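Structure below is entry_25.cif: mmCIF, C-alpha atoms.
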```
data_model
loop_
_atom_site.group_PDB
_atom_site.id
_atom_site.type_symbol
_atom_site.label_atom_id
_atom_site.label_comp_id
_atom_site.auth_asym_id
_atom_site.auth_seq_id
_atom_site.Cartn_x
_atom_site.Cartn_y
_atom_site.Cartn_z
ATOM 1 C CA MET R 19 111.410 139.603 110.176
ATOM 2 C CA LYS R 20 110.657 136.310 108.495
ATOM 3 C CA ASP R 21 108.150 136.426 105.661
ATOM 4 C CA ILE R 22 105.234 134.264 106.791
ATOM 5 C CA LEU R 23 104.331 133.538 103.181
ATOM 6 C CA PHE R 24 107.836 132.287 102.307
ATOM 7 C CA GLU R 25 106.913 128.586 102.434
ATOM 8 C CA GLN R 26 103.674 129.210 100.560
ATOM 9 C CA GLN R 27 105.527 131.108 97.821
ATOM 10 C CA ILE R 28 108.044 128.286 97.429
ATOM 11 C CA VAL R 29 105.611 125.378 97.543
ATOM 12 C CA GLN R 30 102.755 127.041 95.681
ATOM 13 C CA ASN R 31 104.828 128.375 92.823
ATOM 14 C CA PRO R 32 103.551 128.855 89.258
ATOM 15 C CA GLY R 33 105.710 125.990 87.962
ATOM 16 C CA LEU R 34 104.117 123.482 90.305
ATOM 17 C CA GLY R 35 100.772 125.127 89.586
ATOM 18 C CA ALA R 36 101.274 124.614 85.841
ATOM 19 C CA GLU R 37 102.077 120.956 86.386
ATOM 20 C CA THR R 38 99.085 120.548 88.712
ATOM 21 C CA LEU R 39 96.819 122.100 86.081
ATOM 22 C CA TRP R 40 98.263 119.740 83.456
ATOM 23 C CA TYR R 41 97.383 116.711 85.611
ATOM 24 C CA ALA R 42 93.794 117.915 86.020
ATOM 25 C CA VAL R 43 93.389 118.811 82.339
ATOM 26 C CA ASN R 44 95.026 115.611 81.136
ATOM 27 C CA GLU R 45 92.726 113.524 83.326
ATOM 28 C CA ALA R 46 89.630 115.368 82.056
ATOM 29 C CA TYR R 47 90.849 114.898 78.474
ATOM 30 C CA GLU R 48 91.401 111.162 78.979
ATOM 31 C CA GLU R 49 88.040 110.741 80.746
ATOM 32 C CA LYS R 50 86.346 112.348 77.733
ATOM 33 C CA ASN R 51 88.133 109.901 75.415
ATOM 34 C CA ARG R 52 90.300 112.694 74.044
ATOM 35 C CA THR R 53 87.316 114.479 72.518
ATOM 36 C CA GLY R 54 87.183 117.421 74.932
ATOM 37 C CA GLY R 55 89.165 119.125 77.598
ATOM 38 C CA MET R 56 88.448 121.120 80.726
ATOM 39 C CA PRO R 57 86.495 124.368 80.471
ATOM 40 C CA LEU R 58 88.946 127.223 80.980
ATOM 41 C CA PHE R 59 87.067 128.716 83.936
ATOM 42 C CA MET R 60 87.166 125.380 85.771
ATOM 43 C CA ALA R 61 90.959 125.756 86.041
ATOM 44 C CA PHE R 62 90.261 128.214 88.856
ATOM 45 C CA ILE R 63 89.107 125.416 91.200
ATOM 46 C CA VAL R 64 92.185 123.231 90.696
ATOM 47 C CA LEU R 65 94.776 125.075 92.800
ATOM 48 C CA PRO R 66 92.411 126.004 95.662
ATOM 49 C CA LEU R 67 91.470 122.340 96.044
ATOM 50 C CA THR R 68 94.914 120.822 95.510
ATOM 51 C CA PHE R 69 97.087 123.369 97.339
ATOM 52 C CA HIS R 70 94.856 123.008 100.426
ATOM 53 C CA ARG R 71 96.174 120.077 102.460
ATOM 54 C CA ARG R 72 92.853 118.884 103.843
ATOM 55 C CA SER R 73 91.133 119.018 100.445
ATOM 56 C CA ALA R 74 94.066 117.419 98.641
ATOM 57 C CA ASN R 75 94.251 114.537 101.123
ATOM 58 C CA ALA R 76 90.510 113.920 100.887
ATOM 59 C CA LEU R 77 90.520 113.994 97.072
ATOM 60 C CA ALA R 78 93.704 111.975 96.576
ATOM 61 C CA SER R 79 92.384 109.096 98.655
ATOM 62 C CA LYS R 80 89.169 108.671 96.636
ATOM 63 C CA VAL R 81 88.617 106.667 93.468
ATOM 64 C CA LYS R 82 86.394 107.315 90.494
ATOM 65 C CA PRO R 83 83.596 107.555 89.687
ATOM 66 C CA GLY R 84 82.326 110.328 91.924
ATOM 67 C CA ALA R 85 85.601 111.059 93.703
ATOM 68 C CA LEU R 86 84.599 114.678 94.301
ATOM 69 C CA TYR R 87 81.261 113.655 95.825
ATOM 70 C CA LYS R 88 82.996 111.046 97.967
ATOM 71 C CA ALA R 89 85.613 113.542 99.185
ATOM 72 C CA VAL R 90 83.028 116.161 100.153
ATOM 73 C CA ALA R 91 80.835 113.517 101.809
ATOM 74 C CA SER R 92 83.781 112.307 103.890
ATOM 75 C CA ASP R 93 84.850 115.843 104.886
ATOM 76 C CA ARG R 94 82.187 118.501 104.516
ATOM 77 C CA GLU R 95 84.636 121.208 105.576
ATOM 78 C CA ILE R 96 86.362 121.031 102.182
ATOM 79 C CA ARG R 97 83.769 123.526 100.980
ATOM 80 C CA VAL R 98 84.428 125.936 103.841
ATOM 81 C CA GLY R 99 86.442 128.883 102.565
ATOM 82 C CA LEU R 100 86.772 127.470 99.045
ATOM 83 C CA GLN R 101 85.323 130.600 97.426
ATOM 84 C CA GLN R 102 87.846 132.760 99.308
ATOM 85 C CA ARG R 103 90.702 130.411 98.368
ATOM 86 C CA MET R 104 89.628 130.601 94.718
ATOM 87 C CA GLU R 105 89.734 134.385 94.832
ATOM 88 C CA ALA R 106 93.041 134.450 96.732
ATOM 89 C CA LEU R 107 94.681 132.006 94.300
ATOM 90 C CA SER R 108 93.275 133.514 91.102
ATOM 91 C CA GLU R 109 96.502 135.396 90.362
ATOM 92 C CA ARG R 110 98.563 132.237 91.022
ATOM 93 C CA THR R 111 96.233 130.307 88.703
ATOM 94 C CA LEU R 112 96.741 132.905 85.957
ATOM 95 C CA GLN R 113 100.516 132.771 86.468
ATOM 96 C CA SER R 114 100.402 128.968 86.338
ATOM 97 C CA LEU R 115 98.319 129.042 83.153
ATOM 98 C CA SER R 116 100.859 131.415 81.633
ATOM 99 C CA VAL R 117 103.707 129.019 82.466
ATOM 100 C CA ALA R 118 101.695 126.062 81.151
ATOM 101 C CA PHE R 119 100.925 127.815 77.850
ATOM 102 C CA SER R 120 104.457 129.123 77.347
ATOM 103 C CA THR R 121 106.028 125.702 77.990
ATOM 104 C CA GLY R 122 103.513 123.796 75.883
ATOM 105 C CA LEU R 123 102.068 121.844 78.810
ATOM 106 C CA LEU R 124 98.585 123.124 77.986
ATOM 107 C CA LEU R 125 96.883 124.338 74.842
ATOM 108 C CA LEU R 126 93.753 126.447 74.488
ATOM 109 C CA ASP R 127 91.045 125.094 72.212
ATOM 110 C CA SER R 128 88.631 127.936 71.579
ATOM 111 C CA GLU R 129 86.475 126.494 68.792
ATOM 112 C CA GLU R 130 83.252 126.269 70.848
ATOM 113 C CA SER R 131 83.867 127.500 74.368
ATOM 114 C CA PRO R 132 87.413 127.946 75.643
ATOM 115 C CA GLN R 133 88.778 124.582 76.757
ATOM 116 C CA LEU R 134 92.136 123.512 78.055
ATOM 117 C CA ILE R 135 93.707 120.439 76.495
ATOM 118 C CA PRO R 136 97.063 118.845 77.287
ATOM 119 C CA GLY R 137 99.951 119.853 75.087
ATOM 120 C CA ARG R 138 101.941 116.749 75.937
ATOM 121 C CA LYS R 139 101.107 113.119 76.623
ATOM 122 C CA SER R 140 103.318 112.351 79.606
ATOM 123 C CA PRO R 141 103.950 114.082 82.927
ATOM 124 C CA PRO R 142 106.741 116.648 82.739
ATOM 125 C CA VAL R 143 108.527 115.560 85.956
ATOM 126 C CA ALA R 144 108.618 112.518 88.254
ATOM 127 C CA HIS R 145 108.320 113.657 91.878
ATOM 128 C CA ALA R 146 109.676 111.922 94.940
ATOM 129 C CA THR R 147 107.993 113.858 97.755
ATOM 130 C CA GLU R 148 104.711 112.549 99.111
ATOM 131 C CA GLU R 149 103.251 116.048 99.426
ATOM 132 C CA VAL R 150 103.628 116.741 95.709
ATOM 133 C CA LYS R 151 102.330 113.270 94.829
ATOM 134 C CA THR R 152 99.228 114.009 96.919
ATOM 135 C CA ILE R 153 98.721 117.350 95.134
ATOM 136 C CA LEU R 154 98.982 115.702 91.719
ATOM 137 C CA ALA R 155 96.681 112.801 92.672
ATOM 138 C CA ALA R 156 94.122 115.319 93.917
ATOM 139 C CA ALA R 157 94.460 117.235 90.632
ATOM 140 C CA LYS R 158 93.579 114.058 88.749
ATOM 141 C CA ARG R 159 90.395 113.725 90.824
ATOM 142 C CA VAL R 160 89.447 117.321 90.065
ATOM 143 C CA GLY R 161 89.983 116.615 86.364
ATOM 144 C CA GLN R 162 87.798 113.516 86.613
ATOM 145 C CA ALA R 163 85.067 115.555 88.287
ATOM 146 C CA THR R 164 85.078 118.134 85.489
ATOM 147 C CA ALA R 165 84.655 115.315 82.972
ATOM 148 C CA GLU R 166 81.917 113.508 84.935
ATOM 149 C CA LEU R 167 79.821 116.463 86.038
ATOM 150 C CA ALA R 168 78.412 119.614 84.521
ATOM 151 C CA SER R 169 80.110 122.810 85.663
ATOM 152 C CA ALA R 170 76.879 123.954 87.346
ATOM 153 C CA GLN R 171 76.770 120.725 89.382
ATOM 154 C CA ILE R 172 80.340 121.213 90.562
ATOM 155 C CA ALA R 173 79.680 124.839 91.490
ATOM 156 C CA THR R 174 76.548 123.894 93.408
ATOM 157 C CA HIS R 175 78.188 120.938 95.159
ATOM 158 C CA LEU R 176 81.231 122.994 96.191
ATOM 159 C CA ASN R 177 79.149 126.091 96.980
ATOM 160 C CA ILE R 178 81.195 128.377 94.695
ATOM 161 C CA ARG R 179 80.525 131.047 92.079
ATOM 162 C CA PHE R 180 82.544 131.925 88.994
#
```
Now that the file is in, can you turn its structure into structure tokens?
Amino acid sequence: MKDILFEQQIVQNPGLGAETLWYAVNEAYEEKNRTGGMPLFMAFIVLPLTFHRRSANALASKVKPGALYKAVASDREIRVGLQQRMEALSERTLQSLSVAFSTGLLLLDSEESPQLIPGRKSPPVAHATEEVKTILAAAKRVGQATAELASAQIATHLNIRF
């Protein structure tokens, strides 16, 4: 019997998750002029938004400012099931954070409230596939949103709870 999650386990692996998180965190860090990162708990929205094809396509095609607002306005169904996806991908997010910390992609700044900051300045890998490029472009938009908006605004807009 073929494992129905085989493709998901290959595509949504912790290595790609770590890289996706780096793109989001790096974008937030750059948007804040390198003075702050992404709140640690906000990392839990990155994979559910970027590993979901419809959400990733909507986000990747938008430009700042307000890319998250624009994506949700263009496709209101992005919010549907997001809370469940966050819960389902929480273990994958933790695994991806572990890979990112152990490889130096991300660092944890815990002086005020725990924040993620990039551990390197350039992307770790250049990808050729359009699907991965879409995921990483969507991750940048999520990072921009965390820099532009308060966490409470994002949670309200996406109809999620942490």
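Here the question is which of R:Tyr87, R:Trp40, R:Phe180, R:Phe69 gets nearest to Glu105 in chain R using all atoms listed in the file, and that residue is R:Phe180.
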The PyMOL selection byres ((chain R and resi 41-57) around 9) applied to the shown file, residues as number ranges by chain: R: 36-40, 58-61, 64, 124, 127, 131-139, 141, 154-166, 169
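Taking CA of Ser120 in chain R as the reference point, CA of Phe62 in chain R is found at 18.3 Å.
Atom pair CA of Asn75 in chain R / CA of Thr152 in chain R: separated by 6.5 Å.
Rounded to one decimal, CA of Glu95 in chain R and CA of Gln113 in chain R lie 27.4 Å from each other.
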Identify all residues satisfying the PyMOL selection byres ((chain R and resi 88) around 12) in the given file; provide them as a count of residues only. 24
Excluding Met104 in chain R and any residue of its chain fewer than 3 positions from it, enumerate the residues within 9 Å of it, using all atoms listed in the file, and give them as an NGL selection string. :R and (62-67 or 99-101 or 107-108 or 111 or 178)
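Proximity to Arg72 in chain R was assessed for R:Val98, R:Leu126, R:Leu34, R:Val117 counting all atoms listed in the file; the smallest distance is recorded for R:Val98.
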Distance criterion (only C-alpha atoms): nearest to Ser114 in chain R out of R:Pro32, R:Glu129, R:Thr174, R:Ala144: R:Pro32
Build an axis-aligned box that encloses every atom of range 86-91 of chain R listed in the file, pad it by 3 Å on each side, and report its centre and edge lengths in Å to one decimal, as JSON.
```
{"center_x": 83.2, "center_y": 113.6, "center_z": 98.1, "size_x": 10.8, "size_y": 11.1, "size_z": 13.5}
```
